[in-house]
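coords.cif (mmCIF, C-alpha atoms)
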data_input
#
loop_
_atom_site.label_atom_id
_atom_site.label_comp_id
_atom_site.auth_asym_id
_atom_site.auth_seq_id
_atom_site.Cartn_x
_atom_site.Cartn_y
_atom_site.Cartn_z
CA MET A 55 137.80 124.94 57.46
CA ASP A 56 139.98 126.13 60.35
CA TYR A 57 138.43 129.54 59.97
CA LEU A 58 134.84 128.31 60.00
CA ARG A 59 135.47 126.25 63.13
CA ALA A 60 137.24 129.14 64.85
CA PHE A 61 134.31 131.38 63.95
CA ILE A 62 131.69 128.99 65.30
CA VAL A 63 133.50 128.03 68.52
CA GLY A 64 134.69 131.57 69.30
CA GLY A 65 131.32 133.02 68.42
CA THR A 66 129.51 130.53 70.63
CA ILE A 67 131.72 131.33 73.65
CA CYS A 68 131.02 135.05 73.17
CA LEU A 69 127.33 134.28 72.73
CA ILE A 70 127.30 132.56 76.13
CA GLY A 71 128.91 135.68 77.58
CA GLN A 72 126.26 137.88 75.98
CA ILE A 73 123.42 135.73 77.33
CA LEU A 74 124.94 135.94 80.82
CA MET A 75 125.29 139.72 80.51
CA ASP A 76 121.73 140.24 79.30
CA LYS A 77 119.98 137.73 81.52
CA THR A 78 121.87 138.02 84.79
CA SER A 79 123.19 141.60 84.73
CA LEU A 80 126.67 140.29 85.47
CA THR A 81 129.14 143.11 84.81
CA PRO A 82 131.78 142.65 82.09
CA ALA A 83 134.50 142.41 84.77
CA ARG A 84 132.68 139.52 86.44
CA ILE A 85 132.19 137.83 83.07
CA LEU A 86 135.93 138.02 82.42
CA VAL A 87 136.81 136.66 85.86
CA SER A 88 134.31 133.81 85.68
CA PHE A 89 135.28 132.88 82.11
CA VAL A 90 138.97 132.62 82.99
CA THR A 91 138.19 130.57 86.10
CA ALA A 92 135.80 128.39 84.10
CA GLY A 93 138.60 127.83 81.59
CA VAL A 94 140.94 126.71 84.37
CA ILE A 95 138.37 124.24 85.73
CA LEU A 96 137.35 122.91 82.30
CA GLY A 97 141.03 122.59 81.38
CA ALA A 98 141.84 120.71 84.58
CA LEU A 99 138.95 118.28 84.02
CA GLY A 100 140.01 117.70 80.42
CA ILE A 101 136.72 119.03 79.07
CA TYR A 102 138.33 121.92 77.19
CA ASP A 103 140.78 119.70 75.28
CA PRO A 104 138.29 118.57 72.63
CA ILE A 105 136.94 122.12 72.32
CA PHE A 106 140.47 123.36 71.67
CA GLU A 107 141.24 120.53 69.24
CA TYR A 108 138.14 121.41 67.26
CA GLY A 109 138.09 125.19 67.49
CA LYS A 110 141.83 126.04 67.63
CA ALA A 111 142.03 129.86 67.84
CA GLY A 112 138.27 129.92 68.36
CA ALA A 113 138.93 128.24 71.71
CA SER A 114 142.27 129.83 72.59
CA VAL A 115 141.51 133.49 71.83
CA PRO A 116 138.46 133.87 74.13
CA LEU A 117 139.23 134.22 77.84
CA PRO A 118 138.40 130.59 78.76
CA GLY A 119 141.35 129.74 76.50
CA PHE A 120 143.55 131.81 78.79
CA GLY A 121 142.33 129.77 81.77
CA TYR A 122 142.81 126.59 79.76
CA ALA A 123 146.43 127.51 79.06
CA LEU A 124 146.95 128.24 82.78
CA ALA A 125 145.59 124.82 83.78
CA LYS A 126 147.44 122.86 81.08
CA GLY A 127 150.72 124.62 81.85
CA THR A 128 150.34 123.93 85.57
CA ILE A 129 149.59 120.24 85.10
CA LYS A 130 152.46 119.77 82.64
CA GLU A 131 154.88 121.49 84.99
CA VAL A 132 153.72 119.45 88.03
CA GLN A 133 154.33 116.29 86.00
CA GLN A 134 157.86 117.41 85.22
CA ASN A 135 158.98 119.21 88.36
CA GLY A 136 156.62 118.20 91.14
CA LEU A 137 154.80 120.52 93.48
CA ILE A 138 156.71 123.66 92.53
CA GLY A 139 155.13 123.30 89.10
CA ALA A 140 151.82 124.40 90.61
CA PHE A 141 153.43 127.80 91.03
CA THR A 142 155.58 128.00 87.90
CA GLY A 143 153.52 126.25 85.23
CA GLY A 144 150.52 128.53 84.84
CA ILE A 145 152.36 131.78 84.38
CA LYS A 146 154.99 130.14 82.17
CA ALA A 147 152.31 128.95 79.77
CA THR A 148 150.63 132.35 79.66
CA SER A 149 153.77 134.47 80.01
CA ALA A 150 153.59 135.93 76.50
CA GLY A 151 150.00 137.08 76.89
CA ILE A 152 150.54 138.56 80.35
CA ALA A 153 153.78 140.36 79.47
CA ALA A 154 152.31 141.62 76.19
CA ALA A 155 149.18 142.85 77.97
CA ILE A 156 151.22 144.76 80.54
CA PHE A 157 153.75 146.14 78.07
CA PHE A 158 151.44 147.07 75.19
CA GLY A 159 148.74 148.16 77.61
CA TYR A 160 151.12 150.57 79.29
CA LEU A 161 152.60 151.75 76.00
CA MET A 162 149.23 152.49 74.37
CA ALA A 163 147.95 154.23 77.49
CA ILE A 164 151.01 156.48 77.41
CA ILE A 165 150.82 157.26 73.69
CA PHE A 166 147.08 157.80 73.29
CA ASN A 167 144.54 159.87 75.13
CA PRO A 168 140.91 158.94 75.65
CA LYS A 169 138.57 160.40 73.06
CA ALA A 170 136.50 163.28 74.33
CA LYS A 171 133.05 161.95 75.08
CA SER A 172 130.48 163.69 72.95
CA MET B 141 113.18 141.86 80.65
CA LYS B 142 116.28 142.76 82.49
CA THR B 143 115.98 142.40 86.21
CA LEU B 144 118.21 144.38 88.48
CA ARG B 145 119.81 141.89 90.75
CA MET B 146 121.09 143.31 93.96
CA GLU B 147 124.67 142.38 94.56
CA GLY B 148 125.73 142.04 98.14
CA ASP B 149 128.98 143.93 97.88
CA CYS B 150 127.84 147.16 96.40
CA MET B 151 126.82 150.27 98.17
CA GLU B 152 123.68 150.75 96.19
CA HIS B 153 121.26 153.12 97.66
CA THR B 154 117.95 154.16 96.23
CA ASN B 155 119.39 157.15 94.44
CA GLU B 156 121.86 155.08 92.54
CA GLU B 157 119.17 152.55 91.69
CA ARG B 158 116.93 155.25 90.36
CA LEU B 159 119.77 156.56 88.18
CA LYS B 160 120.48 153.06 86.95
CA LYS B 161 116.85 152.53 86.09
CA GLU B 162 116.60 155.86 84.32
CA PHE B 163 119.71 155.00 82.37
CA GLN B 164 118.36 151.63 81.37
CA ASP B 165 115.07 153.16 80.29
CA MET B 166 117.01 155.71 78.30
CA VAL B 167 119.04 153.01 76.63
CA LYS B 168 115.87 151.16 75.74
CA ARG B 169 114.19 154.25 74.32
CA SER B 170 117.16 155.38 72.28
CA ALA B 171 117.63 151.95 70.76
CA PRO B 172 114.16 150.58 70.22
CA SER B 173 115.28 147.95 67.73
CA SER B 174 117.99 146.69 70.05
CA ASN B 175 116.84 143.51 71.67
CA PHE B 176 118.17 140.35 73.12
CA LEU B 177 118.43 138.41 69.86
CA LYS B 178 120.21 141.24 68.11
CA ASP B 179 122.71 141.51 70.99
CA CYS B 180 123.34 137.79 70.75
CA LEU B 181 123.82 137.84 67.00
CA ALA B 182 126.25 140.79 67.23
CA ALA B 183 128.24 139.08 70.00
CA PHE B 184 128.39 135.82 68.05
CA VAL B 185 129.48 137.41 64.77
CA VAL B 186 132.02 139.88 66.19
CA GLY B 187 133.43 137.37 68.69
CA GLY B 188 133.65 134.81 65.91
CA LEU B 189 135.41 137.24 63.58
CA ILE B 190 137.99 138.16 66.23
CA CYS B 191 138.73 134.44 66.59
CA VAL B 192 139.02 134.14 62.79
CA ILE B 193 141.71 136.85 62.93
CA GLY B 194 143.37 134.82 65.70
CA GLN B 195 143.19 131.73 63.51
CA PHE B 196 144.78 133.64 60.66
CA VAL B 197 147.66 134.69 62.94
CA MET B 198 147.99 131.08 64.18
CA ASN B 199 148.11 129.64 60.65
CA PHE B 200 150.58 132.33 59.58
CA PHE B 201 153.07 131.41 62.30
CA ILE B 202 152.56 127.65 61.84
CA ASN B 203 153.41 128.15 58.17
CA MET B 204 156.51 130.07 59.24
CA GLY B 205 157.63 126.88 60.98
CA ILE B 206 156.86 127.83 64.58
CA PRO B 207 156.26 124.64 66.61
CA LYS B 208 152.67 123.99 67.63
CA GLU B 209 153.36 124.27 71.37
CA GLU B 210 154.82 127.74 70.94
CA VAL B 211 152.42 129.21 68.42
CA GLY B 212 150.03 130.17 71.23
CA TYR B 213 152.58 132.69 72.48
CA TYR B 214 152.57 134.42 69.11
CA VAL B 215 148.80 134.45 68.82
CA ALA B 216 148.37 135.85 72.34
CA THR B 217 151.01 138.55 71.80
CA ILE B 218 149.60 139.73 68.47
CA MET B 219 145.97 139.67 69.61
CA VAL B 220 146.81 141.54 72.81
CA PHE B 221 148.71 144.12 70.77
CA LEU B 222 145.77 144.55 68.39
CA GLY B 223 143.32 144.97 71.27
CA ALA B 224 145.54 147.53 72.97
CA PHE B 225 146.22 149.48 69.78
CA LEU B 226 142.59 149.58 68.66
CA THR B 227 141.62 150.76 72.14
CA GLY B 228 144.28 153.47 71.98
CA ILE B 229 143.00 154.89 68.68
CA GLY B 230 139.42 154.70 69.96
CA VAL B 231 138.15 152.03 67.55
CA TYR B 232 137.66 149.21 70.04
CA ASP B 233 135.13 151.09 72.12
CA ASN B 234 133.00 151.59 69.03
CA ILE B 235 133.18 147.86 68.27
CA GLY B 236 132.24 147.22 71.90
CA LYS B 237 129.13 149.38 71.73
CA PHE B 238 127.86 147.19 68.94
CA ALA B 239 129.25 143.81 69.92
CA GLY B 240 128.88 143.62 73.71
CA ALA B 241 130.34 140.36 74.95
CA GLY B 242 131.71 139.70 71.45
CA SER B 243 134.38 142.30 72.15
CA ILE B 244 134.76 141.62 75.89
CA VAL B 245 135.29 137.85 75.98
CA PRO B 246 138.18 137.50 73.47
CA ILE B 247 141.68 138.27 74.74
CA THR B 248 141.54 141.56 72.82
CA GLY B 249 138.89 142.55 75.38
CA PHE B 250 141.35 141.72 78.15
CA SER B 251 143.86 144.20 76.74
CA ASN B 252 141.04 146.68 76.18
CA SER B 253 140.25 146.38 79.89
CA ILE B 254 143.87 147.39 80.62
CA VAL B 255 144.28 150.29 78.20
CA ALA B 256 140.90 151.97 78.70
CA PRO B 257 141.18 152.72 82.45
CA ALA B 258 144.94 153.39 82.16
CA MET B 259 144.29 156.14 79.59
CA GLU B 260 141.38 157.48 81.57
CA PHE B 261 143.37 157.87 84.78
CA LYS B 262 146.57 159.20 83.22
CA ARG B 263 145.95 162.57 84.85
CA GLU B 264 146.42 160.91 88.23
CA GLY B 265 150.03 160.28 87.33
CA PHE B 266 152.10 157.48 85.91
CA VAL B 267 152.35 155.40 89.05
CA PHE B 268 148.95 155.51 90.75
CA GLY B 269 147.17 156.59 87.60
CA VAL B 270 148.40 154.51 84.67
CA GLY B 271 150.42 151.92 86.60
CA ALA B 272 147.75 151.08 89.13
CA LYS B 273 144.51 151.65 87.23
CA MET B 274 145.52 149.42 84.30
CA PHE B 275 144.79 146.48 86.62
CA VAL B 276 141.31 147.54 87.72
CA ILE B 277 139.79 144.68 85.69
CA ALA B 278 142.86 142.76 84.55
CA GLY B 279 144.02 142.40 88.17
CA PRO B 280 141.01 140.38 89.34
CA VAL B 281 141.22 138.27 86.16
CA LEU B 282 144.85 137.40 86.94
CA VAL B 283 144.16 136.89 90.65
CA TYR B 284 141.35 134.39 90.08
CA GLY B 285 142.88 132.77 87.01
CA ILE B 286 146.33 132.22 88.50
CA SER B 287 145.07 131.29 91.98
CA SER B 288 142.71 128.67 90.61
CA SER B 289 145.50 127.24 88.43
CA VAL B 290 147.75 126.94 91.52
CA ILE B 291 144.95 125.07 93.31
CA VAL B 292 144.59 122.80 90.27
CA GLY B 293 148.32 122.11 90.39
CA ILE B 294 148.26 121.25 94.09
CA ILE B 295 145.26 118.95 93.71
CA TYR B 296 146.88 117.28 90.73
CA TYR B 297 150.08 116.75 92.72
CA ILE B 298 148.22 115.21 95.68
CA MET B 299 146.17 112.96 93.41
CA ASN B 300 149.37 111.65 91.85
CA LEU B 301 150.77 110.81 95.29
CA PHE B 302 147.97 108.31 95.84
CA LYS B 303 148.17 106.66 92.44
#

As structure tokens - that is how I would like this structure written.
Amino acid sequence: MDYLRAFIVGGTICLIGQILMDKTSLTPARILVSFVTAGVILGALGIYDPIFEYGKAGASVPLPGFGYALAKGTIKEVQQNGLIGAFTGGIKATSAGIAAAIFFGYLMAIIFNPKAKS
Amino acid sequence: MKTLRMEGDCMEHTNEERLKKEFQDMVKRSAPSSNFLKDCLAAFVVGGLICVIGQFVMNFFINMGIPKEEVGYYVATIMVFLGAFLTGIGVYDNIGKFAGAGSIVPITGFSNSIVAPAMEFKREGFVFGVGAKMFVIAGPVLVYGISSSVIVGIIYYIMNLFK
């Protein structure tokens, strides 16, 4: 059941991205930026909570889930530590993803070479 | 039909537009069966399947006894690794050709956006090539994501002052 929900929620988020790409000629980079920012806003307003509760990885794996984690981490940290939490909370909550992206990204780029374009 | 929307920040001149149009026509001709609905279906299915893999990783670590608040770290790390590795061996780009947004929107697409330009610009050296170009797309994502979360934090703090 988890898997079906993850499939539907994750698929729907990607579908929205595809519609935006086809109908507005937004570039992939702009899609990524707007989806993360949308995740932050939806997370801050509490709208993404039920989506995450329902979809689990289907909501956390797509980029809005990254923004959601940023917003939730920030709010939690502000509750605990005050204003400084606005600066510490977001990156703390997403630290694993960011560090992994930098480390594995660098590693793979060093190891592999781009395939010759045919 | 796709309309070319002019974006204020780009230095498009007529030549570039003509090339773009030719390219789009070429894409249309070479893939006559490819249409909007097919794109959408591919994005939905592939994006959904990537999330199913994420769910599998999540369930695996929950069963290992990882607390729920921390399991997100594991899922993000593994998915980012998979995206980076599949990009390295050249598989992810093939998925992307078929899946469009289905491969861009998941976090695996985020790591793809790091590895692909980093590999491409390796010949420009390890500092300004790999080190700098890996953030061509990931950089803006982090800038806007983190900045907006800081703003959220400040607003939240101020709102609590007046409670």

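The gap separating atom CA of A:Phe158 from atom CA of A:Leu86 is 19.4 Å, in Å to one decimal.
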
Enumerate, as number ranges by chain, the residues matched when the PyMOL selection byres ((chain A) within 7 of (chain B)) is run on the file above. A: 57, 60-62, 64-66, 68-69, 71-73, 76-77, 79, 82-83, 86-87, 90-91, 94, 98, 111-112, 115-117, 121, 124-125, 128-129, 132, 136-137, 140-141, 144, 150-151, 154-155, 158-160, 162-163, 166-169

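Here atom CA of A:Pro118 is placed at a distance of 8.4 Å from atom CA of A:Ile67.
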
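Between atom CA of B:Ile202 and atom CA of A:Ile101 the separation is 24.9 Å.
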